[in-house]
>>> print(open('entry_11.pdb').read())   # PDB, C-alpha atoms
ATOM      1  CA  MET A  17     132.407  26.400   9.400
ATOM      2  CA  ILE A  18     134.050  25.268  12.606
ATOM      3  CA  GLU A  19     136.801  27.257  14.268
ATOM      4  CA  THR A  20     139.262  26.035  16.860
ATOM      5  CA  ILE A  21     140.332  28.134  19.832
ATOM      6  CA  HIS A  22     143.756  28.499  18.195
ATOM      7  CA  ALA A  23     142.147  30.018  15.087
ATOM      8  CA  LYS A  24     139.998  32.340  17.153
ATOM      9  CA  PHE A  25     142.410  33.734  19.698
ATOM     10  CA  ASP A  26     146.042  33.144  18.772
ATOM     11  CA  HIS A  27     146.421  35.900  16.177
ATOM     12  CA  VAL A  28     144.281  38.674  17.602
ATOM     13  CA  GLU A  29     147.024  41.261  17.063
ATOM     14  CA  ARG A  30     146.158  41.397  13.353
ATOM     15  CA  LYS A  31     142.458  41.859  14.117
ATOM     16  CA  LEU A  32     141.530  39.159  11.629
ATOM     17  CA  ASP A  33     137.882  38.194  11.803
ATOM     18  CA  VAL A  34     135.446  35.959   9.933
ATOM     19  CA  ASN A  35     135.058  38.547   7.155
ATOM     20  CA  ASP A  36     138.810  38.313   6.429
ATOM     21  CA  VAL A  37     138.693  34.513   6.336
ATOM     22  CA  LEU A  38     135.645  34.455   4.030
ATOM     23  CA  HIS A  39     137.199  37.121   1.804
ATOM     24  CA  GLY A  40     140.436  35.109   1.612
ATOM     25  CA  LEU A  41     138.583  31.935   0.690
ATOM     26  CA  ARG A  42     136.469  33.687  -1.955
ATOM     27  CA  LYS A  43     139.546  35.067  -3.719
ATOM     28  CA  VAL A  44     141.778  33.102  -6.040
ATOM     29  CA  TRP A  45     144.098  31.401  -3.596
ATOM     30  CA  GLN A  46     147.082  29.081  -3.737
ATOM     31  CA  SER A  47     147.329  25.811  -1.909
ATOM     32  CA  SER A  48     150.622  25.570  -0.064
ATOM     33  CA  SER A  49     152.593  22.368  -0.456
ATOM     34  CA  THR A  50     152.846  21.904   3.299
ATOM     35  CA  HIS A  51     149.907  19.563   3.828
ATOM     36  CA  LYS A  52     149.951  17.599   7.063
ATOM     37  CA  PHE A  53     148.065  14.519   8.126
ATOM     38  CA  ASN A  54     146.602  14.708  11.621
ATOM     39  CA  GLN A  55     146.509  11.180  12.987
ATOM     40  CA  TYR A  56     144.568  12.176  16.092
ATOM     41  CA  PHE A  57     141.578  13.322  14.001
ATOM     42  CA  TRP A  58     142.482  11.217  10.940
ATOM     43  CA  GLN A  59     142.201  14.139   8.546
ATOM     44  CA  TRP A  60     144.387  16.190   6.251
ATOM     45  CA  HIS A  61     145.222  19.802   6.976
ATOM     46  CA  TYR A  62     145.657  22.149   4.021
ATOM     47  CA  ALA A  63     147.430  25.508   4.136
ATOM     48  CA  ILE A  64     145.881  28.151   1.873
ATOM     49  CA  LYS A  65     147.809  31.280   0.915
ATOM     50  CA  THR A  66     145.570  34.234   0.148
ATOM     51  CA  GLU A  67     144.884  37.869   1.183
ATOM     52  CA  ASP A  68     142.761  39.554   3.852
ATOM     53  CA  VAL A  69     140.361  42.411   3.046
ATOM     54  CA  GLU A  70     143.179  44.976   3.266
ATOM     55  CA  GLY A  71     145.236  43.038   0.709
ATOM     56  CA  LEU A  72     147.780  41.755   3.219
ATOM     57  CA  PRO A  73     149.059  38.169   2.986
ATOM     58  CA  LEU A  74     146.891  35.706   4.880
ATOM     59  CA  THR A  75     147.479  32.007   5.476
ATOM     60  CA  ILE A  76     144.503  29.870   6.468
ATOM     61  CA  VAL A  77     144.925  26.277   7.616
ATOM     62  CA  ILE A  78     141.796  24.189   7.131
ATOM     63  CA  ALA A  79     140.861  20.600   7.922
ATOM     64  CA  VAL A  80     138.243  19.098   5.632
ATOM     65  CA  ASP A  81     135.584  16.702   6.902
ATOM     66  CA  THR A  82     134.326  15.113   3.678
ATOM     67  CA  ARG A  83     131.770  12.928   5.461
ATOM     68  CA  ASN A  84     129.916  15.865   7.022
ATOM     69  CA  ARG A  85     130.708  18.299   4.189
ATOM     70  CA  THR A  86     132.223  20.820   6.583
ATOM     71  CA  PHE A  87     135.627  22.307   6.987
ATOM     72  CA  GLU A  88     137.337  23.506  10.090
ATOM     73  CA  VAL A  89     139.478  26.633  10.185
ATOM     74  CA  VAL A  90     142.357  25.403  12.286
ATOM     75  CA  THR A  91     144.285  28.657  12.325
ATOM     76  CA  ARG A  92     145.017  31.795  10.333
ATOM     77  CA  TRP A  93     147.798  34.340  10.399
TER
ATOM     78  CA  MET B  11     148.730  17.783  15.711
ATOM     79  CA  VAL B  12     147.820  21.327  14.851
ATOM     80  CA  ASN B  13     144.311  21.537  16.209
ATOM     81  CA  THR B  14     144.824  19.704  19.452
ATOM     82  CA  VAL B  15     144.677  22.204  22.267
ATOM     83  CA  LYS B  16     146.951  21.211  25.125
ATOM     84  CA  THR B  17     146.808  23.193  28.321
ATOM     85  CA  HIS B  18     149.257  22.290  31.084
ATOM     86  CA  GLU B  19     148.400  18.763  32.165
ATOM     87  CA  HIS B  20     145.495  17.865  29.891
ATOM     88  CA  ASN B  21     144.363  17.701  26.277
ATOM     89  CA  CYS B  22     141.171  19.728  25.824
ATOM     90  CA  ASN B  23     140.038  17.613  22.848
ATOM     91  CA  GLU B  24     139.819  14.502  25.010
ATOM     92  CA  SER B  25     137.156  15.893  27.317
ATOM     93  CA  LEU B  26     134.891  17.932  25.049
ATOM     94  CA  ARG B  27     131.431  18.815  26.276
ATOM     95  CA  GLU B  28     128.834  19.955  23.729
ATOM     96  CA  ILE B  29     126.736  23.010  24.542
ATOM     97  CA  LYS B  30     123.841  24.334  22.497
ATOM     98  CA  ALA B  31     123.458  28.101  22.487
ATOM     99  CA  THR B  32     119.871  29.148  23.196
ATOM    100  CA  PRO B  33     118.106  32.525  23.345
ATOM    101  CA  ASP B  34     118.562  32.367  27.136
ATOM    102  CA  ALA B  35     122.172  31.147  27.017
ATOM    103  CA  ARG B  36     123.647  32.846  23.956
ATOM    104  CA  TYR B  37     127.060  32.405  22.407
ATOM    105  CA  HIS B  38     129.105  35.625  22.250
ATOM    106  CA  PHE B  39     130.325  35.727  18.633
ATOM    107  CA  ARG B  40     133.404  37.931  19.126
ATOM    108  CA  ASP B  41     135.047  36.694  15.934
ATOM    109  CA  SER B  42     132.395  38.441  13.842
ATOM    110  CA  GLY B  43     134.506  41.588  14.164
ATOM    111  CA  LEU B  44     131.785  43.210  16.284
ATOM    112  CA  PRO B  45     131.780  43.251  20.085
ATOM    113  CA  ASN B  46     128.028  42.884  20.489
ATOM    114  CA  VAL B  47     126.877  39.880  18.418
ATOM    115  CA  TYR B  48     125.249  36.941  20.197
ATOM    116  CA  LEU B  49     124.083  33.670  18.606
ATOM    117  CA  ALA B  50     121.486  31.054  19.436
ATOM    118  CA  GLY B  51     120.812  27.731  17.702
ATOM    119  CA  ILE B  52     124.456  26.713  17.270
ATOM    120  CA  ARG B  53     126.712  24.204  19.010
ATOM    121  CA  TYR B  54     130.006  24.845  20.685
ATOM    122  CA  PHE B  55     132.340  22.644  22.632
ATOM    123  CA  VAL B  56     134.042  23.376  25.932
ATOM    124  CA  CYS B  57     136.805  21.499  27.666
ATOM    125  CA  GLY B  58     135.351  19.548  30.594
ATOM    126  CA  VAL B  59     138.511  20.193  32.607
ATOM    127  CA  CYS B  60     139.485  23.845  32.068
ATOM    128  CA  LYS B  61     136.022  25.008  30.770
ATOM    129  CA  LYS B  62     137.582  26.852  27.821
ATOM    130  CA  ILE B  63     135.680  27.007  24.530
ATOM    131  CA  VAL B  64     137.572  24.643  22.211
ATOM    132  CA  LYS B  65     135.438  24.648  19.044
ATOM    133  CA  VAL B  66     132.488  26.563  17.651
ATOM    134  CA  GLU B  67     130.292  25.140  14.905
ATOM    135  CA  ILE B  68     128.586  27.825  12.823
ATOM    136  CA  PRO B  69     126.527  26.577   9.863
ATOM    137  CA  ALA B  70     125.836  28.771   6.809
ATOM    138  CA  ILE B  71     128.371  31.390   7.918
ATOM    139  CA  GLU B  72     127.961  33.513   4.752
ATOM    140  CA  GLU B  73     124.239  33.757   5.351
ATOM    141  CA  LEU B  74     124.812  34.634   9.006
ATOM    142  CA  MET B  75     127.256  37.436   8.142
ATOM    143  CA  GLY B  76     124.743  38.745   5.591
ATOM    144  CA  ALA B  77     121.977  38.665   8.216
ATOM    145  CA  ILE B  78     124.172  40.613  10.655
ATOM    146  CA  ALA B  79     124.921  43.194   7.946
ATOM    147  CA  SER B  80     121.176  43.503   7.230
ATOM    148  CA  ALA B  81     120.517  44.045  10.934
ATOM    149  CA  ILE B  82     123.087  46.868  10.973
ATOM    150  CA  VAL B  83     121.735  48.535   7.831
ATOM    151  CA  THR B  84     118.090  48.407   8.966
ATOM    152  CA  LYS B  85     118.536  49.404  12.612
ATOM    153  CA  THR B  86     117.305  52.851  13.555
ATOM    154  CA  SER B  87     120.138  53.886  15.884
ATOM    155  CA  PRO B  88     123.335  55.442  14.479
ATOM    156  CA  MET B  89     126.046  53.063  13.286
ATOM    157  CA  ALA B  90     129.090  52.565  15.476
ATOM    158  CA  GLY B  91     132.555  52.729  13.921
ATOM    159  CA  VAL B  92     133.071  48.961  14.130
ATOM    160  CA  GLU B  93     129.790  48.481  12.282
ATOM    161  CA  VAL B  94     131.043  50.676   9.416
ATOM    162  CA  GLN B  95     134.183  48.531   9.351
ATOM    163  CA  PHE B  96     132.047  45.378   9.380
ATOM    164  CA  LEU B  97     130.036  46.543   6.346
ATOM    165  CA  ARG B  98     133.211  47.577   4.497
ATOM    166  CA  LYS B  99     134.917  44.252   5.160
ATOM    167  CA  ARG B 100     131.707  42.431   4.230
ATOM    168  CA  LEU B 101     131.946  44.148   0.838
ATOM    169  CA  GLY B 102     135.610  43.123   0.627
ATOM    170  CA  ILE B 103     136.805  46.687   0.012
ATOM    171  CA  LYS B 104     140.155  47.967   1.297
ATOM    172  CA  ALA B 105     140.037  50.917   3.691
ATOM    173  CA  THR B 106     141.828  53.216   1.224
ATOM    174  CA  ASP B 107     139.442  52.306  -1.629
ATOM    175  CA  PHE B 108     136.369  52.658   0.574
ATOM    176  CA  ALA B 109     137.542  56.076   1.820
ATOM    177  CA  ALA B 110     137.924  57.236  -1.797
ATOM    178  CA  MET B 111     134.469  55.840  -2.625
ATOM    179  CA  ILE B 112     132.736  57.858   0.099
ATOM    180  CA  ASP B 113     134.900  60.942  -0.528
ATOM    181  CA  ALA B 114     136.714  60.803   2.817
ATOM    182  CA  SER B 115     140.408  60.614   3.621
ATOM    183  CA  PRO B 116     141.837  57.272   4.826
ATOM    184  CA  GLU B 117     142.668  58.948   8.143
ATOM    185  CA  GLN B 118     139.095  60.161   8.528
ATOM    186  CA  LEU B 119     137.721  56.683   7.809
ATOM    187  CA  SER B 120     140.186  55.192  10.292
ATOM    188  CA  ARG B 121     139.015  57.609  12.990
ATOM    189  CA  TRP B 122     135.377  56.650  12.292
ATOM    190  CA  GLU B 123     136.102  52.938  12.331
ATOM    191  CA  ASN B 124     138.127  53.169  15.531
ATOM    192  CA  GLY B 125     135.399  55.185  17.229
ATOM    193  CA  HIS B 126     137.551  58.291  17.727
ATOM    194  CA  ASN B 127     135.157  60.419  15.669
ATOM    195  CA  ALA B 128     131.405  59.977  15.235
ATOM    196  CA  LEU B 129     129.847  59.629  11.779
ATOM    197  CA  SER B 130     127.628  62.444  10.604
ATOM    198  CA  GLY B 131     123.996  61.507  10.069
ATOM    199  CA  SER B 132     124.246  61.943   6.300
ATOM    200  CA  MET B 133     127.398  59.807   6.040
ATOM    201  CA  ASP B 134     125.717  57.141   8.169
ATOM    202  CA  ARG B 135     122.757  57.001   5.746
ATOM    203  CA  TYR B 136     125.026  57.112   2.697
ATOM    204  CA  ILE B 137     127.091  54.120   3.852
ATOM    205  CA  ARG B 138     123.949  52.089   4.574
ATOM    206  CA  ILE B 139     122.527  52.822   1.138
ATOM    207  CA  ALA B 140     125.880  52.166  -0.553
ATOM    208  CA  TYR B 141     126.096  48.796   1.210
ATOM    209  CA  THR B 142     122.575  47.867   0.104
ATOM    210  CA  PHE B 143     123.346  48.479  -3.555
ATOM    211  CA  ILE B 144     126.916  47.169  -3.668
ATOM    212  CA  SER B 145     126.303  44.024  -1.631
ATOM    213  CA  ARG B 146     123.576  42.707  -3.921
ATOM    214  CA  ASP B 147     122.021  41.301  -0.775
ATOM    215  CA  GLU B 148     118.698  40.142  -2.196
ATOM    216  CA  ARG B 149     117.051  39.991   1.198
ATOM    217  CA  LEU B 150     118.056  43.558   1.965
ATOM    218  CA  ARG B 151     117.077  44.848  -1.471
ATOM    219  CA  ALA B 152     113.728  43.052  -1.293
ATOM    220  CA  LEU B 153     113.180  44.602   2.105
ATOM    221  CA  MET B 154     114.063  48.041   0.737
ATOM    222  CA  GLU B 155     111.659  47.527  -2.178
ATOM    223  CA  LYS B 156     108.921  46.466   0.195
ATOM    224  CA  VAL B 157     109.334  49.468   2.442
ATOM    225  CA  LYS B 158     110.252  51.993  -0.258
ATOM    226  CA  HIS B 159     107.259  54.135   0.577
ATOM    227  CA  GLN B 160     108.382  54.157   4.201
ATOM    228  CA  PHE B 161     111.959  55.004   3.313
ATOM    229  CA  VAL B 162     111.807  58.636   4.341
ATOM    230  CA  GLN B 163     110.195  57.680   7.616
ATOM    231  CA  TRP B 164     112.909  55.050   8.263
ATOM    232  CA  SER B 165     115.698  57.380   7.197
ATOM    233  CA  THR B 166     114.535  60.141   9.480
ATOM    234  CA  SER B 167     114.015  57.709  12.369
ATOM    235  CA  ILE B 168     117.781  57.206  12.739
ATOM    236  CA  HIS B 169     118.470  59.120  15.893
ATOM    237  CA  GLY B 170     121.091  59.739  18.536
ATOM    238  CA  ALA B 171     120.121  57.066  21.054
ATOM    239  CA  GLY B 172     120.950  53.379  21.147
ATOM    240  CA  ALA B 173     124.392  53.145  22.703
ATOM    241  CA  ASN B 174     123.493  50.031  24.709
ATOM    242  CA  GLU B 175     122.509  47.713  21.904
ATOM    243  CA  CYS B 176     123.543  44.235  20.948
ATOM    244  CA  ILE B 177     122.904  42.271  17.771
ATOM    245  CA  PHE B 178     121.142  38.989  18.438
ATOM    246  CA  ALA B 179     121.213  36.315  15.721
ATOM    247  CA  GLU B 180     119.149  33.147  16.012
ATOM    248  CA  ARG B 181     119.161  30.026  13.815
ATOM    249  CA  LEU B 182     115.503  29.276  13.104
ATOM    250  CA  HIS B 183     113.789  25.923  12.596
ATOM    251  CA  ASN B 184     113.776  26.505   8.806
ATOM    252  CA  GLN B 185     117.622  26.599   8.925
ATOM    253  CA  LYS B 186     117.698  30.349   8.199
ATOM    254  CA  TRP B 187     119.476  33.009  10.244
ATOM    255  CA  ARG B 188     117.525  35.960  11.629
ATOM    256  CA  ALA B 189     119.429  38.859  13.192
ATOM    257  CA  GLU B 190     118.260  42.104  14.720
ATOM    258  CA  ALA B 191     119.574  44.911  16.869
ATOM    259  CA  ALA B 192     118.036  44.887  20.324
ATOM    260  CA  PRO B 193     118.501  46.913  23.483
ATOM    261  CA  VAL B 194     120.717  45.330  26.141
ATOM    262  CA  ALA B 195     118.625  44.152  29.088
ATOM    263  CA  ALA B 196     119.357  46.037  32.279
TER
END
>>> encode(input="entry_11.pdb", output="structure tokens")
Amino acid sequence: MIETIHAKFDHVERKLDVNDVLHGLRKVWQSSSTHKFNQYFWQWHYAIKTEDVEGLPLTIVIAVDTRNRTFEVVTRW
Amino acid sequence: MVNTVKTHEHNCNESLREIKATPDARYHFRDSGLPNVYLAGIRYFVCGVCKKIVKVEIPAIEELMGAIASAIVTKTSPMAGVEVQFLRKRLGIKATDFAAMIDASPEQLSRWENGHNALSGSMDRYIRIAYTFISRDERLRALMEKVKHQFVQWSTSIHGAGANECIFAERLHNQKWRAEAAPVAA
């Protein structure tokens, strides 16, 4: 998993950490319809609507790198 | 472009410099939820202009988080509040549910997790054992099985010292994570 600086530091007020992101991805989640194509990196960004460990709504934006079989957590809030 | 970091006059993604974290130059893994976790054997990228960390690449993150949890459960110093919170969140249990499970009030658990109150020795041991059984962490359970005869010795070795500790996790040549609690060098 790769995390950008935006994902790591821009939503510190909620004290979300890697455990919340992993928990949110493990749960049954919904894919939001607001996909965006990033021309700079030539990849799609997907918004995932799920919950953190405390059961509060959590949105995770990921960018998938199919060639390297990795995904990047762009941001979460 | 969502993941393009722009700072004042430059775009950080256009001048990335790769750095490999080593045992001598560790990466401070603040996003683990713990303040004292350091990694080696991973790559991260800093902006060549403003020197900020732009990206961190952590392989096998589930295994790493499990290794950190194992290091917490098996260390001999008392658990800090944030470590209790780490284990709870690792199990994916809400604070209110976890408080009910260990027969504490949500307020009491909150005070432990925030470091306002210290855990009693028996509650410390109980949470470690509960984590071991609930997590189904095979590595931890295998370790417990292996050292079952030493359990009493381990359990009684948890003492009041160990405030200046960090957790050091290293990615080994066999692509596995190894993590352990270690004293902070003076």
>>> interface_residues(input="entry_11.pdb", of="chain B", to="chain A", cutoff="6 Å", atoms="only C-alpha atoms", output="ChimeraX atom specification")
/B:11,13,41-43,64-69,100,102,104
>>> residues_near_point(input="entry_11.pdb", point="(116.9, 43.0, 6.5)", cutoff="7 Å", atoms="only C-alpha atoms", output="number ranges by chain")
B: 77, 80-81, 84, 149-150, 153
>>> atom_distance(input="entry_11.pdb", atom1="CA of Ile29 (chain B)", atom2="CA of Asn174 (chain B)")
27.2 Å
>>> residues_around(input="entry_11.pdb", residues="Ser115 (chain B)", least_positions_apart="5", cutoff="8 Å", atoms="only C-alpha atoms", output="number ranges by chain")
B: 106, 109-110
>>> atom_distance(input="entry_11.pdb", atom1="CA of Gln118 (chain B)", atom2="CA of Lys85 (chain B)")
23.6 Å
>>> resolve_selection(input="entry_11.pdb", expression="the PyMOL selection byres ((chain B and resi 44) around 12)", output="PyMOL selection string")
(chain A and resi 31-35) or (chain B and resi 38-43+45-48+75+78-79+82+89-97+99+123-124+175-178)
>>> resolve_selection(input="entry_11.pdb", expression="the PyMOL selection byres ((chain B and resi 129-141) around 7)", output="list in words")
Val83, Pro88, Met89, Leu97, Trp122, Asn127, Ala128, Thr142, Phe143, Ile144 and Ser145 of chain B
>>> residues_around(input="entry_11.pdb", residues="Cys57 (chain B)", least_positions_apart="3", cutoff="6 Å", atoms="only C-alpha atoms", output="JSON, numbers by chain")
{"B": [22, 25, 26, 60, 61, 62]}
>>> atom_distance(input="entry_11.pdb", atom1="CA of Arg146 (chain B)", atom2="CA of Leu74 (chain B)")
15.3 Å
